[in-house]
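Next up, model-v6.pdb (PDB, C-alpha atoms and all ligand atoms):
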ATOM      1  CA  MET A 197     100.370 114.844 -31.907
ATOM      2  CA  ASN A 198      97.357 115.593 -34.111
ATOM      3  CA  GLY A 199      94.039 114.027 -33.206
ATOM      4  CA  ARG A 200      91.450 112.769 -35.674
ATOM      5  CA  LEU A 201      89.334 115.914 -35.076
ATOM      6  CA  GLN A 202      92.194 118.329 -34.483
ATOM      7  CA  ASP A 203      90.996 121.945 -34.047
ATOM      8  CA  ARG A 204      87.510 121.188 -35.359
ATOM      9  CA  HIS A 205      84.573 122.714 -33.552
ATOM     10  CA  ALA A 206      81.943 120.191 -32.465
ATOM     11  CA  LEU A 207      78.528 121.243 -31.182
ATOM     12  CA  LEU A 208      76.874 118.583 -29.000
ATOM     13  CA  THR A 209      73.288 118.783 -27.723
ATOM     14  CA  GLY A 210      71.990 116.935 -24.676
ATOM     15  CA  ALA A 211      75.565 116.451 -23.546
ATOM     16  CA  GLY A 212      75.161 117.244 -19.852
ATOM     17  CA  GLY A 213      75.463 113.511 -19.126
ATOM     18  CA  GLY A 214      75.007 110.056 -20.633
ATOM     19  CA  ILE A 215      76.080 109.406 -24.212
ATOM     20  CA  GLY A 216      76.584 113.092 -25.042
ATOM     21  CA  LEU A 217      79.117 113.558 -22.267
ATOM     22  CA  ALA A 218      81.055 110.423 -23.274
ATOM     23  CA  VAL A 219      81.191 111.652 -26.876
ATOM     24  CA  THR A 220      82.326 115.119 -25.711
ATOM     25  CA  GLU A 221      85.238 113.480 -23.867
ATOM     26  CA  ALA A 222      86.127 111.472 -26.975
ATOM     27  CA  TYR A 223      85.980 114.540 -29.254
ATOM     28  CA  LEU A 224      88.208 116.516 -26.859
ATOM     29  CA  ALA A 225      90.654 113.603 -26.751
ATOM     30  CA  GLN A 226      90.824 113.778 -30.566
ATOM     31  CA  GLY A 227      91.753 117.459 -30.506
ATOM     32  CA  ALA A 228      88.341 119.078 -31.079
ATOM     33  CA  ARG A 229      86.964 122.191 -29.407
ATOM     34  CA  CYS A 230      83.460 121.568 -28.110
ATOM     35  CA  THR A 231      80.331 123.574 -27.415
ATOM     36  CA  VAL A 232      78.101 121.489 -25.175
ATOM     37  CA  VAL A 233      74.395 122.288 -24.953
ATOM     38  CA  ASP A 234      71.860 121.090 -22.415
ATOM     39  CA  ILE A 235      68.669 122.399 -20.857
ATOM     40  CA  ALA A 236      69.969 122.910 -17.305
ATOM     41  CA  PRO A 237      70.839 126.561 -16.526
ATOM     42  CA  ALA A 238      74.298 125.534 -15.287
ATOM     43  CA  ALA A 239      76.491 122.643 -16.397
ATOM     44  CA  PRO A 240      75.624 119.391 -14.551
ATOM     45  CA  ALA A 241      78.270 118.120 -12.091
ATOM     46  CA  ALA A 242      80.191 115.651 -14.293
ATOM     47  CA  LEU A 243      80.409 118.160 -17.120
ATOM     48  CA  ALA A 244      81.381 120.965 -14.724
ATOM     49  CA  GLN A 245      84.541 119.044 -13.791
ATOM     50  CA  LEU A 246      85.445 118.614 -17.446
ATOM     51  CA  LEU A 247      84.827 122.331 -18.061
ATOM     52  CA  LYS A 248      87.390 123.207 -15.386
ATOM     53  CA  ALA A 249      89.972 120.822 -16.827
ATOM     54  CA  GLN A 250      89.425 121.840 -20.478
ATOM     55  CA  ALA A 251      88.461 125.516 -20.162
ATOM     56  CA  ALA A 252      90.351 126.551 -23.301
ATOM     57  CA  ARG A 253      88.585 124.071 -25.573
ATOM     58  CA  LEU A 254      85.167 123.559 -24.015
ATOM     59  CA  GLN A 255      82.166 125.782 -23.337
ATOM     60  CA  TYR A 256      78.702 125.106 -21.949
ATOM     61  CA  VAL A 257      75.580 126.798 -23.302
ATOM     62  CA  SER A 258      72.163 126.332 -21.710
ATOM     63  CA  ALA A 259      69.275 126.126 -24.181
ATOM     64  CA  ASP A 260      65.954 124.415 -24.713
ATOM     65  CA  ILE A 261      66.136 122.977 -28.221
ATOM     66  CA  THR A 262      62.350 123.015 -28.574
ATOM     67  CA  GLN A 263      62.561 126.834 -28.833
ATOM     68  CA  PRO A 264      63.870 127.926 -32.265
ATOM     69  CA  GLY A 265      64.808 131.370 -30.867
ATOM     70  CA  GLN A 266      67.021 129.720 -28.243
ATOM     71  CA  ILE A 267      68.680 127.627 -30.966
ATOM     72  CA  GLU A 268      69.767 130.805 -32.808
ATOM     73  CA  THR A 269      71.096 132.275 -29.553
ATOM     74  CA  LEU A 270      73.075 129.142 -28.736
ATOM     75  CA  LEU A 271      74.526 129.003 -32.248
ATOM     76  CA  ASP A 272      75.597 132.651 -31.967
ATOM     77  CA  ALA A 273      77.352 131.781 -28.677
ATOM     78  CA  ALA A 274      78.998 128.742 -30.281
ATOM     79  CA  ASP A 275      80.160 130.715 -33.343
ATOM     80  CA  SER A 276      81.503 133.649 -31.386
ATOM     81  CA  ARG A 277      83.765 131.446 -29.225
ATOM     82  CA  PHE A 278      84.943 128.761 -31.696
ATOM     83  CA  GLY A 279      83.551 129.667 -35.161
ATOM     84  CA  VAL A 280      80.889 127.861 -37.224
ATOM     85  CA  PRO A 281      80.709 124.206 -36.102
ATOM     86  CA  ASP A 282      82.406 121.583 -38.279
ATOM     87  CA  VAL A 283      80.552 118.794 -36.484
ATOM     88  CA  LEU A 284      77.059 118.548 -35.006
ATOM     89  CA  PHE A 285      76.355 115.685 -32.581
ATOM     90  CA  ASN A 286      72.564 116.063 -32.474
ATOM     91  CA  ASN A 287      71.778 114.030 -29.398
ATOM     92  CA  ALA A 288      69.241 115.645 -27.020
ATOM     93  CA  ALA A 289      66.070 113.609 -26.573
ATOM     94  CA  VAL A 290      63.492 112.546 -24.027
ATOM     95  CA  PHE A 291      61.815 109.197 -23.376
ATOM     96  CA  ASP A 292      58.369 108.178 -22.218
ATOM     97  CA  LEU A 293      56.074 105.196 -22.652
ATOM     98  CA  ALA A 294      52.508 104.125 -21.984
ATOM     99  CA  PRO A 295      50.041 101.589 -23.350
ATOM    100  CA  LEU A 296      48.895 102.844 -26.759
ATOM    101  CA  LEU A 297      45.275 103.386 -25.722
ATOM    102  CA  ASP A 298      46.328 105.369 -22.626
ATOM    103  CA  SER A 299      48.954 107.646 -24.165
ATOM    104  CA  ASP A 300      47.755 111.234 -24.248
ATOM    105  CA  GLU A 301      48.353 114.317 -26.366
ATOM    106  CA  ALA A 302      50.744 115.828 -23.821
ATOM    107  CA  MET A 303      53.108 112.833 -24.094
ATOM    108  CA  TYR A 304      52.926 112.933 -27.894
ATOM    109  CA  ASP A 305      53.648 116.687 -27.985
ATOM    110  CA  ARG A 306      56.582 116.511 -25.545
ATOM    111  CA  LEU A 307      58.335 113.643 -27.339
ATOM    112  CA  PHE A 308      57.887 115.129 -30.790
ATOM    113  CA  ALA A 309      58.852 118.630 -29.587
ATOM    114  CA  VAL A 310      62.288 117.508 -28.386
ATOM    115  CA  ASN A 311      63.105 114.407 -30.430
ATOM    116  CA  VAL A 312      61.812 115.593 -33.813
ATOM    117  CA  LYS A 313      61.175 119.352 -33.887
ATOM    118  CA  GLY A 314      64.207 120.218 -31.745
ATOM    119  CA  MET A 315      66.417 117.711 -33.523
ATOM    120  CA  PHE A 316      65.347 119.000 -36.951
ATOM    121  CA  PHE A 317      65.693 122.728 -36.279
ATOM    122  CA  VAL A 318      69.079 122.371 -34.571
ATOM    123  CA  MET A 319      70.238 120.441 -37.647
ATOM    124  CA  GLN A 320      68.662 122.864 -40.126
ATOM    125  CA  LYS A 321      70.132 125.955 -38.459
ATOM    126  CA  VAL A 322      73.614 124.421 -38.162
ATOM    127  CA  LEU A 323      73.472 123.284 -41.794
ATOM    128  CA  ALA A 324      72.463 126.790 -42.906
ATOM    129  CA  ARG A 325      75.578 128.219 -41.241
ATOM    130  CA  MET A 326      77.809 125.468 -42.665
ATOM    131  CA  VAL A 327      76.491 126.161 -46.185
ATOM    132  CA  LYS A 328      76.830 129.942 -45.811
ATOM    133  CA  HIS A 329      80.442 129.678 -44.693
ATOM    134  CA  GLY A 330      81.472 126.806 -46.999
ATOM    135  CA  VAL A 331      82.146 124.405 -44.119
ATOM    136  CA  HIS A 332      82.344 120.786 -45.351
ATOM    137  CA  GLY A 333      80.989 119.505 -42.079
ATOM    138  CA  ALA A 334      79.518 116.339 -40.611
ATOM    139  CA  VAL A 335      76.229 115.868 -38.767
ATOM    140  CA  ILE A 336      75.509 112.868 -36.574
ATOM    141  CA  ASN A 337      71.902 112.500 -35.443
ATOM    142  CA  MET A 338      71.041 110.176 -32.580
ATOM    143  CA  ALA A 339      68.434 107.654 -33.656
ATOM    144  CA  SER A 340      67.701 104.400 -31.797
ATOM    145  CA  GLN A 341      66.948 100.755 -32.408
ATOM    146  CA  ALA A 342      63.466 101.927 -31.358
ATOM    147  CA  GLY A 343      63.313 103.721 -34.716
ATOM    148  CA  ARG A 344      63.816 100.451 -36.603
ATOM    149  CA  ARG A 345      60.569  98.796 -35.457
ATOM    150  CA  GLY A 346      57.558  99.561 -33.277
ATOM    151  CA  GLU A 347      56.991  98.487 -29.686
ATOM    152  CA  ALA A 348      53.552  98.132 -28.080
ATOM    153  CA  LEU A 349      54.319 100.358 -25.090
ATOM    154  CA  VAL A 350      56.712 102.744 -26.811
ATOM    155  CA  ALA A 351      54.817 103.935 -29.894
ATOM    156  CA  HIS A 352      55.608 107.659 -29.740
ATOM    157  CA  TYR A 353      59.306 107.359 -28.875
ATOM    158  CA  CYS A 354      59.708 104.746 -31.643
ATOM    159  CA  ALA A 355      57.984 107.073 -34.115
ATOM    160  CA  THR A 356      60.233 109.995 -33.148
ATOM    161  CA  LYS A 357      63.346 107.890 -33.738
ATOM    162  CA  ALA A 358      62.026 106.623 -37.101
ATOM    163  CA  ALA A 359      61.646 110.309 -37.989
ATOM    164  CA  VAL A 360      65.302 110.922 -37.071
ATOM    165  CA  ILE A 361      66.367 108.213 -39.528
ATOM    166  CA  SER A 362      64.172 109.685 -42.274
ATOM    167  CA  TYR A 363      65.358 113.297 -41.732
ATOM    168  CA  THR A 364      68.944 112.028 -41.765
ATOM    169  CA  GLN A 365      68.416 110.556 -45.233
ATOM    170  CA  SER A 366      66.657 113.636 -46.647
ATOM    171  CA  ALA A 367      69.182 116.063 -45.182
ATOM    172  CA  ALA A 368      72.085 113.971 -46.478
ATOM    173  CA  LEU A 369      70.710 114.186 -50.019
ATOM    174  CA  ALA A 370      70.024 117.923 -49.709
ATOM    175  CA  MET A 371      73.527 118.589 -48.362
ATOM    176  CA  ALA A 372      75.561 116.255 -50.593
ATOM    177  CA  PRO A 373      76.187 119.008 -53.194
ATOM    178  CA  HIS A 374      77.646 121.127 -50.380
ATOM    179  CA  ARG A 375      79.940 118.266 -49.293
ATOM    180  CA  ILE A 376      78.288 118.136 -45.903
ATOM    181  CA  ARG A 377      77.660 114.610 -44.644
ATOM    182  CA  VAL A 378      74.647 113.639 -42.533
ATOM    183  CA  ASN A 379      74.533 110.259 -40.778
ATOM    184  CA  ALA A 380      72.842 108.763 -37.736
ATOM    185  CA  ILE A 381      73.825 106.365 -34.995
ATOM    186  CA  SER A 382      71.267 103.840 -33.796
ATOM    187  CA  PRO A 383      72.221 102.664 -30.315
ATOM    188  CA  GLY A 384      70.729  99.578 -28.741
ATOM    189  CA  VAL A 385      70.439  99.645 -24.939
ATOM    190  CA  ILE A 386      73.019 101.898 -23.296
ATOM    191  CA  ASP A 387      73.282 102.303 -19.523
ATOM    192  CA  THR A 388      72.726 106.060 -19.060
ATOM    193  CA  PRO A 389      70.593 108.274 -16.773
ATOM    194  CA  MET A 390      67.745 107.852 -19.294
ATOM    195  CA  TRP A 391      67.556 104.168 -18.346
ATOM    196  CA  GLN A 392      66.596 104.897 -14.718
ATOM    197  CA  GLN A 393      63.366 106.339 -16.093
ATOM    198  CA  VAL A 394      62.964 103.649 -18.771
ATOM    199  CA  ASP A 395      63.397 100.851 -16.207
ATOM    200  CA  ALA A 396      60.924 102.436 -13.782
ATOM    201  CA  LEU A 397      58.292 102.875 -16.519
ATOM    202  CA  PHE A 398      58.591  99.269 -17.705
ATOM    203  CA  ALA A 399      58.455  98.127 -14.052
ATOM    204  CA  ARG A 400      55.134  99.920 -13.692
ATOM    205  CA  TYR A 401      53.483  98.668 -16.866
ATOM    206  CA  GLU A 402      54.987  95.160 -17.009
ATOM    207  CA  LYS A 403      54.707  94.672 -13.223
ATOM    208  CA  LEU A 404      58.424  93.943 -12.781
ATOM    209  CA  PRO A 405      60.699  94.658  -9.827
ATOM    210  CA  LEU A 406      62.895  97.734 -10.333
ATOM    211  CA  GLY A 407      66.083  96.812 -12.193
ATOM    212  CA  GLU A 408      64.546  93.715 -13.808
ATOM    213  CA  LYS A 409      63.933  95.300 -17.237
ATOM    214  CA  LYS A 410      67.557  96.433 -17.413
ATOM    215  CA  LYS A 411      68.685  92.865 -16.686
ATOM    216  CA  GLN A 412      66.318  91.469 -19.320
ATOM    217  CA  VAL A 413      67.347  93.858 -22.094
ATOM    218  CA  GLY A 414      71.038  93.347 -21.375
ATOM    219  CA  ALA A 415      70.652  89.559 -21.508
ATOM    220  CA  ALA A 416      68.733  89.817 -24.811
ATOM    221  CA  VAL A 417      71.610  91.605 -26.593
ATOM    222  CA  PRO A 418      73.614  89.080 -28.688
ATOM    223  CA  MET A 419      76.801  90.279 -26.977
ATOM    224  CA  GLY A 420      75.056  89.663 -23.634
ATOM    225  CA  TYR A 421      75.165  93.051 -21.899
ATOM    226  CA  MET A 422      73.986  96.679 -22.072
ATOM    227  CA  GLY A 423      76.419  99.069 -23.685
ATOM    228  CA  ALA A 424      78.151 101.887 -21.810
ATOM    229  CA  PRO A 425      78.030 105.517 -23.028
ATOM    230  CA  ALA A 426      81.664 105.204 -24.144
ATOM    231  CA  ASP A 427      80.642 102.366 -26.503
ATOM    232  CA  ILE A 428      78.999 105.005 -28.732
ATOM    233  CA  ALA A 429      82.072 107.235 -28.812
ATOM    234  CA  GLY A 430      84.080 105.282 -31.410
ATOM    235  CA  ALA A 431      81.290 105.484 -33.999
ATOM    236  CA  ALA A 432      80.703 109.162 -33.147
ATOM    237  CA  VAL A 433      84.383 110.004 -33.727
ATOM    238  CA  PHE A 434      84.513 107.941 -36.931
ATOM    239  CA  LEU A 435      81.414 109.598 -38.457
ATOM    240  CA  ALA A 436      82.737 113.065 -37.539
ATOM    241  CA  SER A 437      86.201 112.433 -38.980
ATOM    242  CA  ASP A 438      87.623 112.311 -42.501
ATOM    243  CA  GLU A 439      87.856 108.520 -42.174
ATOM    244  CA  SER A 440      84.147 108.455 -43.115
ATOM    245  CA  SER A 441      84.465 111.035 -45.914
ATOM    246  CA  TYR A 442      82.480 108.930 -48.444
ATOM    247  CA  ILE A 443      79.756 107.869 -45.999
ATOM    248  CA  THR A 444      76.492 109.810 -45.879
ATOM    249  CA  ALA A 445      72.745 109.142 -45.388
ATOM    250  CA  GLN A 446      73.508 106.066 -43.265
ATOM    251  CA  THR A 447      72.236 104.952 -39.873
ATOM    252  CA  LEU A 448      74.891 102.912 -38.109
ATOM    253  CA  ASN A 449      73.733 100.335 -35.552
ATOM    254  CA  VAL A 450      75.866 100.351 -32.395
ATOM    255  CA  ASP A 451      73.976  97.778 -30.390
ATOM    256  CA  GLY A 452      75.945  94.603 -29.651
ATOM    257  CA  GLY A 453      74.341  92.815 -32.601
ATOM    258  CA  SER A 454      70.650  93.402 -31.865
ATOM    259  CA  VAL A 455      69.585  94.840 -35.249
ATOM    260  CA  MET A 456      70.840  93.751 -38.660
ATOM    261  CA  SER A 457      70.007  96.314 -41.336
TER     262      SER A 457
HETATM  263  N1  LIG A 501      70.386 105.108 -23.480
HETATM  264  C1  LIG A 501      69.907 104.320 -24.431
HETATM  265  O1  LIG A 501      69.690 103.101 -24.224
HETATM  266  C2  LIG A 501      69.621 104.872 -25.806
HETATM  267  C3  LIG A 501      69.262 103.964 -26.802
HETATM  268  C4  LIG A 501      68.982 104.426 -28.071
HETATM  269  C5  LIG A 501      69.079 105.775 -28.346
HETATM  270  N2  LIG A 501      69.409 106.648 -27.355
HETATM  271  C6  LIG A 501      69.485 108.058 -27.726
HETATM  272  O2  LIG A 501      70.770 108.567 -27.404
HETATM  273  C7  LIG A 501      70.666 109.957 -27.059
HETATM  274  C8  LIG A 501      71.289 110.202 -25.691
HETATM  275  O3  LIG A 501      70.583 109.432 -24.739
HETATM  276  P1  LIG A 501      71.064 109.211 -23.226
HETATM  277  O4  LIG A 501      70.695 107.820 -22.894
HETATM  278  O5  LIG A 501      72.453 109.693 -23.044
HETATM  279  O6  LIG A 501      69.989 110.152 -22.498
HETATM  280  P2  LIG A 501      70.132 111.178 -21.303
HETATM  281  O7  LIG A 501      68.736 111.380 -20.804
HETATM  282  O8  LIG A 501      71.172 110.737 -20.354
HETATM  283  O9  LIG A 501      70.633 112.475 -22.090
HETATM  284  C9  LIG A 501      69.768 113.277 -22.867
HETATM  285  C10 LIG A 501      70.078 114.727 -22.576
HETATM  286  O10 LIG A 501      69.208 115.558 -23.366
HETATM  287  C11 LIG A 501      68.894 116.696 -22.585
HETATM  288  N3  LIG A 501      67.663 117.328 -23.065
HETATM  289  C12 LIG A 501      66.385 116.856 -22.969
HETATM  290  N4  LIG A 501      65.524 117.755 -23.461
HETATM  291  C13 LIG A 501      66.248 118.817 -23.877
HETATM  292  C14 LIG A 501      65.899 120.065 -24.468
HETATM  293  N5  LIG A 501      64.627 120.402 -24.727
HETATM  294  N6  LIG A 501      66.890 120.926 -24.770
HETATM  295  C15 LIG A 501      68.192 120.624 -24.504
HETATM  296  N7  LIG A 501      68.571 119.446 -23.941
HETATM  297  C16 LIG A 501      67.603 118.553 -23.628
HETATM  298  C17 LIG A 501      68.722 116.137 -21.172
HETATM  299  O11 LIG A 501      68.823 117.155 -20.186
HETATM  300  C18 LIG A 501      69.833 115.107 -21.103
HETATM  301  O12 LIG A 501      71.035 115.624 -20.552
HETATM  302  C19 LIG A 501      69.175 110.284 -27.142
HETATM  303  O13 LIG A 501      68.895 110.812 -28.426
HETATM  304  C20 LIG A 501      68.502 108.938 -26.980
HETATM  305  O14 LIG A 501      67.202 108.912 -27.531
HETATM  306  C21 LIG A 501      69.684 106.223 -26.099
END
Mind turning the file's structure into structure tokens?
Amino acid sequence: MNGRLQDRHALLTGAGGGIGLAVTEAYLAQGARCTVVDIAPAAPAALAQLLKAQAARLQYVSADITQPGQIETLLDAADSRFGVPDVLFNNAAVFDLAPLLDSDEAMYDRLFAVNVKGMFFVMQKVLARMVKHGVHGAVINMASQAGRRGEALVAHYCATKAAVISYTQSAALAMAPHRIRVNAISPGVIDTPMWQQVDALFARYEKLPLGEKKKQVGAAVPMGYMGAPADIAGAAVFLASDESSYITAQTLNVDGGSVMS
């Protein structure tokens, strides 16, 4: 039986765990071949199991997306195994927070290097190959509800995610004549490895017991709970598939009702 992404090649960054891994599983289930990228030299444990089970349709490439030279190398590896990607799930990012007056240049540089520079140049270099080879592809950038409004402790991360939304819109307009679609997903709070760090940082600055911030943010979601990584997968499949063929330049909230825009 044909899947909704049958035989397409999807490139997924930051997919060693969390949301990226859940979306990789969903893309494979829909018939795609996947190149998964993360910074670790070898595939993390959960992904390693999947690699064994799906060896014919899945490969892992280690790369640091903040290094444009490494992006070219990873794209060459992706192309040589499965051809130019039809789908980019542009997902790798890092989180940090601090009171505005205490946040330093190193935090600013690290967040913008991964979440904006890395995100942009992965997208640009994939788009260049799609255009060159006439691939009518789909790009999905990972934004965040943090990109929809500021937060006192989270200024830099919020700004990086607002940049993702803006680059999504500009790239969609630039690529529309090539019939390449560019959209973003804006998750709310999703229970992934990133949240261990987020919870610990809020605990420090808001003087909360560990685990309390996670409880609070889950309770504040209109649907009443944090999402799971798999809750992003449906939107990620939809935006990659032909079912969304007339949708571009959009940022889709997948957040249990938290943001209405
Ligand atoms: N979890 C949430 O609540 C939430 C909410 C909104 C948006 N998001 C966004 O969703 C995406 C996935 O988040 P997640 O929660 O699964 O996070 P995660 O930390 O579990 O996954 C992010 C992955 O990116 C990788 N990565 C970091 N820097 C890299 C680099 N320089 N090069 C290559 N890979 C790198 C990490 O190794 C990690 O595997 C991110 O863009 C995040 O900002 C998450």
Name the residues in contact with A:Arg204 at a cut-off of 12 Å, using all atoms listed in the file, excluding same-chain residues fewer than 3 positions from it; report them as a CSV table (one decimal) with C-alpha atoms, keeping the file's coordinate frame.
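To be explicit, this is the file written out as around_11.csv:
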chain,number,residue,atom,x,y,z
A,198,ASN,CA,97.4,115.6,-34.1
A,199,GLY,CA,94.0,114.0,-33.2
A,200,ARG,CA,91.4,112.8,-35.7
A,201,LEU,CA,89.3,115.9,-35.1
A,207,LEU,CA,78.5,121.2,-31.2
A,223,TYR,CA,86.0,114.5,-29.3
A,224,LEU,CA,88.2,116.5,-26.9
A,225,ALA,CA,90.7,113.6,-26.8
A,226,GLN,CA,90.8,113.8,-30.6
A,227,GLY,CA,91.8,117.5,-30.5
A,228,ALA,CA,88.3,119.1,-31.1
A,229,ARG,CA,87.0,122.2,-29.4
A,230,CYS,CA,83.5,121.6,-28.1
A,231,THR,CA,80.3,123.6,-27.4
A,253,ARG,CA,88.6,124.1,-25.6
A,254,LEU,CA,85.2,123.6,-24.0
A,278,PHE,CA,84.9,128.8,-31.7
A,279,GLY,CA,83.6,129.7,-35.2
A,280,VAL,CA,80.9,127.9,-37.2
A,281,PRO,CA,80.7,124.2,-36.1
A,282,ASP,CA,82.4,121.6,-38.3
A,283,VAL,CA,80.6,118.8,-36.5
A,284,LEU,CA,77.1,118.5,-35.0
A,331,VAL,CA,82.1,124.4,-44.1
A,332,HIS,CA,82.3,120.8,-45.4
A,333,GLY,CA,81.0,119.5,-42.1
A,334,ALA,CA,79.5,116.3,-40.6
A,433,VAL,CA,84.4,110.0,-33.7
A,436,ALA,CA,82.7,113.1,-37.5
A,437,SER,CA,86.2,112.4,-39.0
A,438,ASP,CA,87.6,112.3,-42.5
Could you give me, as CSV, every chain A residue with an atom at most 6 Å from ligand LIG 501 (chain A), plus its closest atom pair and distance in Å to one decimal, counting all atoms listed in the file, rows ordered by chain then number?
residue,atom,partner,partner_atom,distance
A:Gly210,CA,A:LIG501,O10,3.4
A:Ala211,CA,A:LIG501,O12,5.5
A:Gly212,CA,A:LIG501,O12,4.5
A:Gly213,CA,A:LIG501,O12,5.1
A:Gly214,CA,A:LIG501,O5,3.5
A:Ile215,CA,A:LIG501,O5,3.8
A:Gly216,CA,A:LIG501,O5,5.7
A:Asp234,CA,A:LIG501,N7,4.0
A:Ile235,CA,A:LIG501,C15,4.1
A:Ala259,CA,A:LIG501,C15,5.6
A:Asp260,CA,A:LIG501,N6,3.6
A:Ile261,CA,A:LIG501,N6,4.1
A:Thr262,CA,A:LIG501,N5,5.2
A:Asn287,CA,A:LIG501,O13,4.4
A:Ala288,CA,A:LIG501,O10,3.7
A:Ala289,CA,A:LIG501,O13,4.4
A:Val290,CA,A:LIG501,C12,5.3
A:Val310,CA,A:LIG501,N5,5.2
A:Met338,CA,A:LIG501,O13,4.7
A:Ala339,CA,A:LIG501,C5,5.7
A:Ser340,CA,A:LIG501,C4,3.9
A:Pro383,CA,A:LIG501,C4,4.3
A:Gly384,CA,A:LIG501,C3,5.0
A:Val385,CA,A:LIG501,O1,3.6
A:Ile386,CA,A:LIG501,O1,3.7
A:Asp387,CA,A:LIG501,N1,5.6
A:Thr388,CA,A:LIG501,O4,4.7
A:Pro389,CA,A:LIG501,O8,4.4
A:Met390,CA,A:LIG501,O7,4.0
A:Trp391,CA,A:LIG501,N1,5.9
Need to verify the contact set: A:Gln263, 12 Å, all atoms listed in the file, exclusion of same-chain residues closer than 6 positions in sequence. Can you return it as a PyMOL selection string? chain A and resi 235+269-270+309-310+313-318
Pick the closest to A:Gly330 from A:Val257, A:Met371, A:Ala239, A:Leu293: which is it, counting all atoms listed in the file? A:Met371
Could you jot down the atom CA of A:Gly343 to atom CA of A:Ser382 separation for me, Å, one decimal place? 8.0 Å
Counting all atoms listed in the file, figure out which residue out of A:Ala445, A:Ala431, A:Leu349, A:Met419 gets nearest to A:Ile376.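 Using all atoms listed in the file, A:Ile376 sits closest to A:Ala445.
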Minimum-distance residue to A:Tyr304, chosen among A:Ala351, A:Ala324, A:Ala424, A:Ser440 (using all atoms listed in the file): A:Ala351
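For the atom pair formed by atom CA of A:Gln446 and atom CA of A:Gln266, the distance is 28.8 Å, given to one decimal.
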Mind giving me the straight-line distance from atom CA of A:Leu397 to atom CA of A:Arg344 in Å, one decimal?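 One can read the atom CA of A:Leu397 to atom CA of A:Arg344 distance as 21.0 Å.
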Using all atoms listed in the file, the residue out of A:Asn379, A:Gln341, A:Gln250, A:Ser362 with shortest distance to A:Asn286 is A:Asn379
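With only C-alpha atoms as the atoms that count, the residue of A:Gly420, A:Ala415, A:Pro425, A:Met319 with the shortest distance to A:Glu268 is A:Met319.
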Identify which of the residues A:Asp275, A:Leu406, A:Pro264, A:His352 lies closest to A:Glu301, counting only C-alpha atoms when measuring atom-to-atom distances. A:His352
Could you tell me which residues the PyMOL selection byres (((chain A and resi 454) around 8) and not hetatm) returns for this structure, as a ChimeraX atom specification? /A:384,417-418,451-453,455-456
Please report, as AutoDock Vina command-line options, the centre and edge lengths in Å to one decimal of an axis-aligned box covering all listed atoms of stretch 208-225 of chain A with 5 Å per side.
--center_x 81.3 --center_y 114.1 --center_z -24.2 --size_x 28.7 --size_y 19.4 --size_z 20.1
